[in-house]
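Undergrad: Structure in structure tokens, see below.
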Amino acid sequence: MNTRLNRAADAPHNPSDDSANDAAALAAVAARYAVAITPAMEALIDPSDPDDPIARQFRPDKRELDSLPAERGDPIADRPFSPLSGVVHRYPDRCLLKVIHVCPVYCRFCFRREMVGPSGEGSLNDAELDAALGYIAADPRIWEVILTGGDPFLLSVRRAADITGRLAAIPHVKVVRWHTRIPLVDPSRVTPEFATALRAEGVATWVALHANHPREFTPAGAAAIARLVDAGIPLVSQSVLLKGVNDDPGVLEALMRCFVEHRVKPYYLHQGDLAPGTSHLRTSIEAGQDLVAGLHHAASGLCQPTYVIDAPDGSGKAPLTPAFARRTEAGGWLLLGRDGCWRPCGDDEAKGRDPLA
Ligand code: SF4
């Protein structure tokens with residue numbers, strides 16, 4: 001694994017806070033949260049840029065020691081919906097299967113930051129994996145299984161093929177979705193053999209690729225994505241809206257265009273979760289809605305993700321999509337144009353209503 005794990009005193013610091021971030025504070029951050037960056041991501045960091053968006057995602061910052069009262073270790077309430085180790089079953093038709101809790105990089109905004117890493121929840125042993133697969137097999141409502149963690153692309157080819165095959169053998173499981181950052185942060189792991197291991201007769205395999213900035217799409221990363229797509233695996237995206245990384249209209253648009261150009265359909269843009277010590281990376285929901293409205297007007301429909309937030313009580317995702325249509329008092333509809341003006345919907349005029357009433 002091309003990962004450099006930095007703990008305690010050797011943790012690199014974010015150049016944006018050179019004066020403030022002292023070694024003791026960074027050691028305290030690294031003692032509490034896992035720290036790692038791959039050579040592929042390290043190589044993208046511009047040392048002359050104090051606000052480098054790649055560094056902001058992976059290099060620890062002493063502001064991570066500041067937790068707000070609203071922040072919590074389990075910010076989307078996985079644990080209350082975990083019937084046994086490795087399974088989170090929040091929605092009837094799908095569940096998470098968390099086989100490993102390690103990653104090749106540790107994102108400073110991670111909502112599972114208190115569960116992942118070398119001192120996190122660990123990997124499922126054989127008995128725990130058997131029990132998790134038994135739970136899935138026993139519930140015929142489970143149509144989709146989402147492999148996440150940790151980054152499940154760290155599994156060996158043999159283990160990935162074994163899990164895929166065992167899920168495919170469960171008659172009611174029709175979709176297996178893998179969530180990963182690895183195609184871009186450690187592209188050489190995505191071998192043709194690994195791509196083959198993700199597929200099995202009887203299930204549709206999907207991959208959700210996590211990326212937050214267009215610079216993450218290196219030639220090697222593009223080739224890794226192509227190995228998956230060319231193996232017949234459809235890809236969707238997931239990104240987190242991050243202050244100083246992608247909360248800029250041009251950067252967000254470029255990121256979504258990158259996904260589409262690499263045959264990855266934009267799927268989710270997440271509002272930052274209330275993970276401890278992440279407030280310096282979170283935007284407001286209002287700012288997010290403005291960005292999403294701008295993206296809607298600027299880019300192709302293929303480039304539009306759904307902007308979502310996970311409820312802290314575990315009740316699920318809520319779309320934060322800004323309104324592009326609204327009711328009038330007369331029961332008609334107004335539509336928001338690209339120029340920011342509201343105009344009547346033609347259908348109301350056809351019915352003889354006054355659309356501006
Ligand atoms: S790769 Fe995913 S699970 Fe791992 S630290 Fe980043 S956001 Fe968290």
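Every chain in the structure tokens takes a letter, A first, then B, and so on in the order presented; its residues are numbered from 1, and the ligands are numbered from 1 following the presented order.
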Excluding range 259-262 of chain A and residues on its chain fewer than 2 positions from it, collect all residues at most 10 Å away from it, counting only C-alpha atoms, and give them as an MDAnalysis selection string.

TA: chainID A and resid 209 211 214 217 221:223 225:226 229 235:238 254:257 264:267 300 302:304

Undergrad: Output the selection as a compact mmCIF listing (two decimals), in the first residue's frame - C-alpha atoms for each residue.

TA:
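File result19.txt, as written:
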# COMPACT_ATOMS: atom_id res chain seq x y z
CA LEU A 209 -15.84 7.58 -6.16
CA ALA A 211 -13.15 13.32 -4.76
CA PRO A 214 -10.39 18.77 -9.75
CA PHE A 217 -7.77 13.79 -11.29
CA GLY A 221 -6.09 8.40 -11.45
CA ALA A 222 -7.86 8.78 -14.77
CA ALA A 223 -6.39 5.47 -15.91
CA ILE A 225 -11.11 5.07 -13.25
CA ALA A 226 -10.99 3.87 -16.85
CA VAL A 229 -15.48 1.70 -16.25
CA LEU A 235 -19.37 4.93 -11.37
CA VAL A 236 -21.08 7.70 -9.42
CA SER A 237 -19.44 10.48 -7.45
CA GLN A 238 -19.56 11.68 -3.90
CA ALA A 254 -14.66 22.11 -12.66
CA LEU A 255 -14.90 19.21 -10.20
CA MET A 256 -18.26 18.09 -11.56
CA ARG A 257 -17.09 18.45 -15.15
CA VAL A 264 -18.43 9.26 -13.38
CA LYS A 265 -21.98 10.55 -12.89
CA PRO A 266 -22.18 13.20 -10.13
CA TYR A 267 -24.34 11.70 -7.39
CA SER A 300 -24.92 20.50 -18.13
CA LEU A 302 -24.97 15.57 -16.33
CA CYS A 303 -22.88 17.70 -13.93
CA GLN A 304 -25.55 18.07 -11.24

Undergrad: Write as a ChimeraX atom specification the residues around ligand 1, taking 7 Å as the cut-off and counting only C-alpha atoms and all ligand atoms.

TA: /A:102-103,105-107,109-113,116,149-151,180-181

Undergrad: Go ahead and dump the residues you just picked, C-alpha atoms, as a PDB file, in the first residue's frame.

TA:
ATOM      1  CA  VAL A 102      -8.511   1.824   7.659  1.00  0.00           C
ATOM      2  CA  CYS A 103      -7.920   4.172   4.740  1.00  0.00           C
ATOM      3  CA  VAL A 105      -5.542   8.763   3.409  1.00  0.00           C
ATOM      4  CA  TYR A 106      -7.282  10.215   6.428  1.00  0.00           C
ATOM      5  CA  CYS A 107      -9.522  13.106   5.451  1.00  0.00           C
ATOM      6  CA  PHE A 109     -13.287  16.276   7.691  1.00  0.00           C
ATOM      7  CA  CYS A 110     -14.149  12.559   7.916  1.00  0.00           C
ATOM      8  CA  PHE A 111     -17.491  11.961   9.618  1.00  0.00           C
ATOM      9  CA  ARG A 112     -16.215   8.599  10.887  1.00  0.00           C
ATOM     10  CA  ARG A 113     -12.927  10.039  12.122  1.00  0.00           C
ATOM     11  CA  VAL A 116     -11.359   4.825  11.376  1.00  0.00           C
ATOM     12  CA  GLY A 149     -15.586   1.763   6.116  1.00  0.00           C
ATOM     13  CA  GLY A 150     -12.709   2.693   5.996  1.00  0.00           C
ATOM     14  CA  ASP A 151     -11.883   2.251   2.319  1.00  0.00           C
ATOM     15  CA  THR A 180     -13.764   4.538  -2.219  1.00  0.00           C
ATOM     16  CA  ARG A 181     -11.161   7.259  -2.643  1.00  0.00           C
TER      17      ARG A 181
END

Undergrad: Using only C-alpha atoms, which residues sit within 8 Å of Ala168 in chain A once same-chain residues fewer than 3 positions away are excluded, as a compact mmCIF listing (two decimals) with C-alpha atoms, in the first residue's frame?

TA:
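Result file is part.txt:
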# COMPACT_ATOMS: atom_id res chain seq x y z
CA THR A 164 -18.66 -10.02 -3.83
CA GLY A 165 -19.37 -13.68 -4.54
CA PRO A 171 -30.99 -13.99 -3.88
CA VAL A 173 -29.24 -8.70 -2.92
CA LYS A 174 -29.28 -7.18 -6.38
CA ALA A 200 -20.15 -11.45 -9.95
CA GLU A 201 -23.07 -13.07 -11.66
CA GLY A 202 -26.37 -12.11 -10.06
CA VAL A 203 -25.55 -8.61 -8.78

Undergrad: Which is closest to Trp206 in chain A among A:Leu155, A:Val185, A:Leu147, A:Ile163, if we use only C-alpha atoms?

TA: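 Among A:Leu155, A:Val185, A:Leu147, A:Ile163, it is A:Leu147 that comes nearest to Trp206 in chain A.
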
Undergrad: Applying 12 Å and only C-alpha atoms, which residues near Leu198 in chain A remain after dropping the ones on its own chain fewer than 4 positions away? List them as a VMD selection string.

TA: chain A and resid 147 152 to 153 155 to 168 175 to 179 190 to 194 203 to 207 227 to 229 231 to 234

Undergrad: Output C-alpha atoms for every residue in the selection just made, as an mmCIF file, in the first residue's frame.

TA:
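What follows is the written file result02.cif:
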data_model
loop_
_atom_site.group_PDB
_atom_site.id
_atom_site.type_symbol
_atom_site.label_atom_id
_atom_site.label_comp_id
_atom_site.auth_asym_id
_atom_site.auth_seq_id
_atom_site.Cartn_x
_atom_site.Cartn_y
_atom_site.Cartn_z
ATOM 1 C CA LEU A 147 -19.308 -1.477 1.192
ATOM 2 C CA PRO A 152 -12.908 -1.212 1.077
ATOM 3 C CA PHE A 153 -10.623 -0.908 -1.963
ATOM 4 C CA LEU A 155 -9.066 -5.328 0.501
ATOM 5 C CA SER A 156 -6.993 -7.879 -1.352
ATOM 6 C CA VAL A 157 -8.249 -9.186 -4.700
ATOM 7 C CA ARG A 158 -9.014 -12.522 -3.035
ATOM 8 C CA ARG A 159 -11.028 -10.956 -0.201
ATOM 9 C CA ALA A 160 -12.901 -8.556 -2.498
ATOM 10 C CA ALA A 161 -13.862 -11.436 -4.801
ATOM 11 C CA ASP A 162 -14.930 -13.571 -1.839
ATOM 12 C CA ILE A 163 -17.224 -10.862 -0.430
ATOM 13 C CA THR A 164 -18.664 -10.018 -3.834
ATOM 14 C CA GLY A 165 -19.368 -13.682 -4.536
ATOM 15 C CA ARG A 166 -20.988 -14.276 -1.153
ATOM 16 C CA LEU A 167 -23.234 -11.223 -1.561
ATOM 17 C CA ALA A 168 -24.144 -12.275 -5.094
ATOM 18 C CA VAL A 175 -26.800 -4.281 -6.047
ATOM 19 C CA VAL A 176 -23.364 -4.035 -4.426
ATOM 20 C CA ARG A 177 -21.955 -0.531 -4.139
ATOM 21 C CA TRP A 178 -18.326 0.175 -3.154
ATOM 22 C CA HIS A 179 -17.407 3.583 -1.721
ATOM 23 C CA VAL A 190 -6.931 -0.578 -9.014
ATOM 24 C CA THR A 191 -5.571 -3.410 -11.114
ATOM 25 C CA PRO A 192 -7.577 -5.213 -13.798
ATOM 26 C CA GLU A 193 -7.694 -8.184 -11.411
ATOM 27 C CA PHE A 194 -9.193 -6.028 -8.671
ATOM 28 C CA VAL A 203 -25.555 -8.612 -8.782
ATOM 29 C CA ALA A 204 -24.955 -5.216 -10.348
ATOM 30 C CA THR A 205 -21.748 -3.643 -9.038
ATOM 31 C CA TRP A 206 -21.519 0.125 -8.667
ATOM 32 C CA VAL A 207 -18.617 2.229 -7.413
ATOM 33 C CA ARG A 227 -9.996 0.376 -15.697
ATOM 34 C CA LEU A 228 -13.175 0.227 -13.629
ATOM 35 C CA VAL A 229 -15.483 1.699 -16.255
ATOM 36 C CA ALA A 231 -14.544 -3.491 -16.815
ATOM 37 C CA GLY A 232 -18.257 -2.713 -17.026
ATOM 38 C CA ILE A 233 -18.685 -1.017 -13.658
ATOM 39 C CA PRO A 234 -20.800 2.175 -13.557
#

Undergrad: If you run DSSP over the backbone, which residues in range 93-243 of chain A end up helix (DSSP H, G or I)? Put them as an MDAnalysis selection string.

TA: chainID A and resid 126:138 152:154 157:168 182:185 187:189 192:197 214:216 219:230

Undergrad: When you look at Leu44 in chain A with a cut-off of 8 Å (counting only C-alpha atoms), what residues show up, excluding the ones that are within fewer than 5 positions of it in the same chain? I need them as a ChimeraX atom specification.

TA: /A:54,215-216

Undergrad: With a distance cut-off of 7 Å and only C-alpha atoms, select the neighbouring residues of Val308 in chain A, excluding the residue or stretch itself and same-chain residues fewer than 5 positions from it, and output the selection as JSON, numbers by chain.

TA: {"A": [268, 269, 270, 271, 317, 318, 319, 320]}

Undergrad: Save out the residues we just selected, C-alpha atoms, as an mmCIF file, in the first residue's frame.

TA:
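Result file is result_7.cif:
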data_model
loop_
_atom_site.group_PDB
_atom_site.id
_atom_site.type_symbol
_atom_site.label_atom_id
_atom_site.label_comp_id
_atom_site.auth_asym_id
_atom_site.auth_seq_id
_atom_site.Cartn_x
_atom_site.Cartn_y
_atom_site.Cartn_z
ATOM 1 C CA TYR A 268 -23.957 13.311 -3.955
ATOM 2 C CA LEU A 269 -22.542 16.600 -2.734
ATOM 3 C CA HIS A 270 -22.570 16.303 1.053
ATOM 4 C CA GLN A 271 -22.981 19.129 3.485
ATOM 5 C CA LYS A 317 -30.382 11.973 4.180
ATOM 6 C CA ALA A 318 -32.342 15.106 3.337
ATOM 7 C CA PRO A 319 -31.835 16.860 -0.008
ATOM 8 C CA LEU A 320 -30.900 20.528 0.364
#

Undergrad: Skipping near chain neighbours, those fewer than 6 positions away, what residues fall within 12 Å of Pro249 in chain A using only C-alpha atoms, listed as a list in words?

TA: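 Final neighbour list, sorted by chain and number: His213, Leu241, Lys243, Leu255, Met256, Ala287, Gly288, Gln289, Asp290, Leu291, Val292, Ala293, Gly294, Leu295, His296, His297, Ala298 and Ala299 of chain A.
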
Undergrad: Restricting the calculation to only C-alpha atoms, which member of A:Glu42, A:Lys98, A:Asp247, A:Pro60 is positioned closest to Ala23 in chain A?

TA: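 Using only C-alpha atoms, the shortest distance to Ala23 in chain A belongs to A:Pro60.
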
Undergrad: Step one, run DSSP on the backbone; step two, keep only residues of range 236-341 of chain A assigned to strand (DSSP E); then write them as a short mmCIF file (atom, residue, chain, number, x, y, z; two decimals) with N, CA and C atoms, in the first residue's frame.

TA:
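Output file part-v3.cif is given in full below:
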data_model
loop_
_atom_site.label_atom_id
_atom_site.label_comp_id
_atom_site.auth_asym_id
_atom_site.auth_seq_id
_atom_site.Cartn_x
_atom_site.Cartn_y
_atom_site.Cartn_z
N VAL A 236 -20.45 6.45 -9.85
CA VAL A 236 -21.08 7.70 -9.42
C VAL A 236 -20.11 8.41 -8.50
N SER A 237 -20.37 9.69 -8.27
CA SER A 237 -19.44 10.48 -7.45
C SER A 237 -20.03 10.75 -6.07
N GLN A 238 -19.15 11.02 -5.14
CA GLN A 238 -19.56 11.68 -3.90
C GLN A 238 -18.45 12.65 -3.53
N SER A 239 -18.89 13.83 -3.08
CA SER A 239 -17.97 14.89 -2.66
C SER A 239 -18.53 15.50 -1.39
N VAL A 240 -17.64 16.13 -0.66
CA VAL A 240 -18.06 16.88 0.53
C VAL A 240 -17.78 18.36 0.23
N VAL A 264 -17.91 9.44 -14.74
CA VAL A 264 -18.43 9.26 -13.38
C VAL A 264 -19.61 10.22 -13.23
N LYS A 265 -20.80 9.69 -12.99
CA LYS A 265 -21.98 10.55 -12.89
C LYS A 265 -22.02 11.21 -11.51
N PRO A 266 -22.03 12.53 -11.43
CA PRO A 266 -22.18 13.20 -10.13
C PRO A 266 -23.44 12.72 -9.41
N TYR A 267 -23.25 12.35 -8.14
CA TYR A 267 -24.34 11.70 -7.39
C TYR A 267 -24.66 12.51 -6.14
N TYR A 268 -23.71 12.58 -5.20
CA TYR A 268 -23.96 13.31 -3.95
C TYR A 268 -22.92 14.40 -3.73
N LEU A 269 -23.39 15.56 -3.32
CA LEU A 269 -22.54 16.60 -2.73
C LEU A 269 -23.02 16.74 -1.29
N HIS A 270 -22.16 16.34 -0.35
CA HIS A 270 -22.57 16.30 1.05
C HIS A 270 -22.29 17.63 1.75
N THR A 306 -26.81 15.73 -6.27
CA THR A 306 -27.81 16.12 -5.29
C THR A 306 -27.09 16.59 -4.03
N TYR A 307 -27.41 17.79 -3.60
CA TYR A 307 -26.81 18.36 -2.39
C TYR A 307 -27.59 17.83 -1.20
N VAL A 308 -26.93 17.11 -0.29
CA VAL A 308 -27.64 16.42 0.78
C VAL A 308 -26.97 16.66 2.13
N ILE A 309 -27.77 16.46 3.16
CA ILE A 309 -27.25 16.48 4.53
C ILE A 309 -27.75 15.21 5.22
N ASP A 310 -26.90 14.63 6.05
CA ASP A 310 -27.31 13.49 6.86
C ASP A 310 -27.78 14.01 8.22
N LYS A 317 -30.81 10.85 5.01
CA LYS A 317 -30.38 11.97 4.18
C LYS A 317 -31.57 12.86 3.83
N ALA A 318 -31.33 14.16 3.81
CA ALA A 318 -32.34 15.11 3.34
C ALA A 318 -31.72 15.94 2.22
N PRO A 319 -32.35 15.99 1.05
CA PRO A 319 -31.83 16.86 -0.01
C PRO A 319 -31.95 18.32 0.41
N ALA A 325 -38.71 26.33 -8.37
CA ALA A 325 -40.12 26.54 -8.70
C ALA A 325 -40.85 26.87 -7.41
N ARG A 326 -41.85 27.75 -7.49
CA ARG A 326 -42.63 28.05 -6.30
C ARG A 326 -44.08 28.34 -6.66
N ARG A 327 -44.94 28.05 -5.74
CA ARG A 327 -46.37 28.26 -5.90
C ARG A 327 -46.70 29.75 -5.77
N TRP A 333 -47.66 28.42 -10.78
CA TRP A 333 -46.25 28.16 -10.51
C TRP A 333 -45.39 29.23 -11.15
N LEU A 334 -44.32 29.59 -10.45
CA LEU A 334 -43.28 30.44 -11.01
C LEU A 334 -41.99 29.63 -11.08
N LEU A 335 -41.22 29.86 -12.13
CA LEU A 335 -39.96 29.13 -12.34
C LEU A 335 -38.80 30.11 -12.31
N LEU A 336 -37.70 29.70 -11.71
CA LEU A 336 -36.51 30.55 -11.61
C LEU A 336 -35.66 30.39 -12.86
#

Undergrad: To one decimal place in Å, what is the distance between CA of Glu121 in chain A and CA of Gly316 in chain A?

TA: 22.4 Å
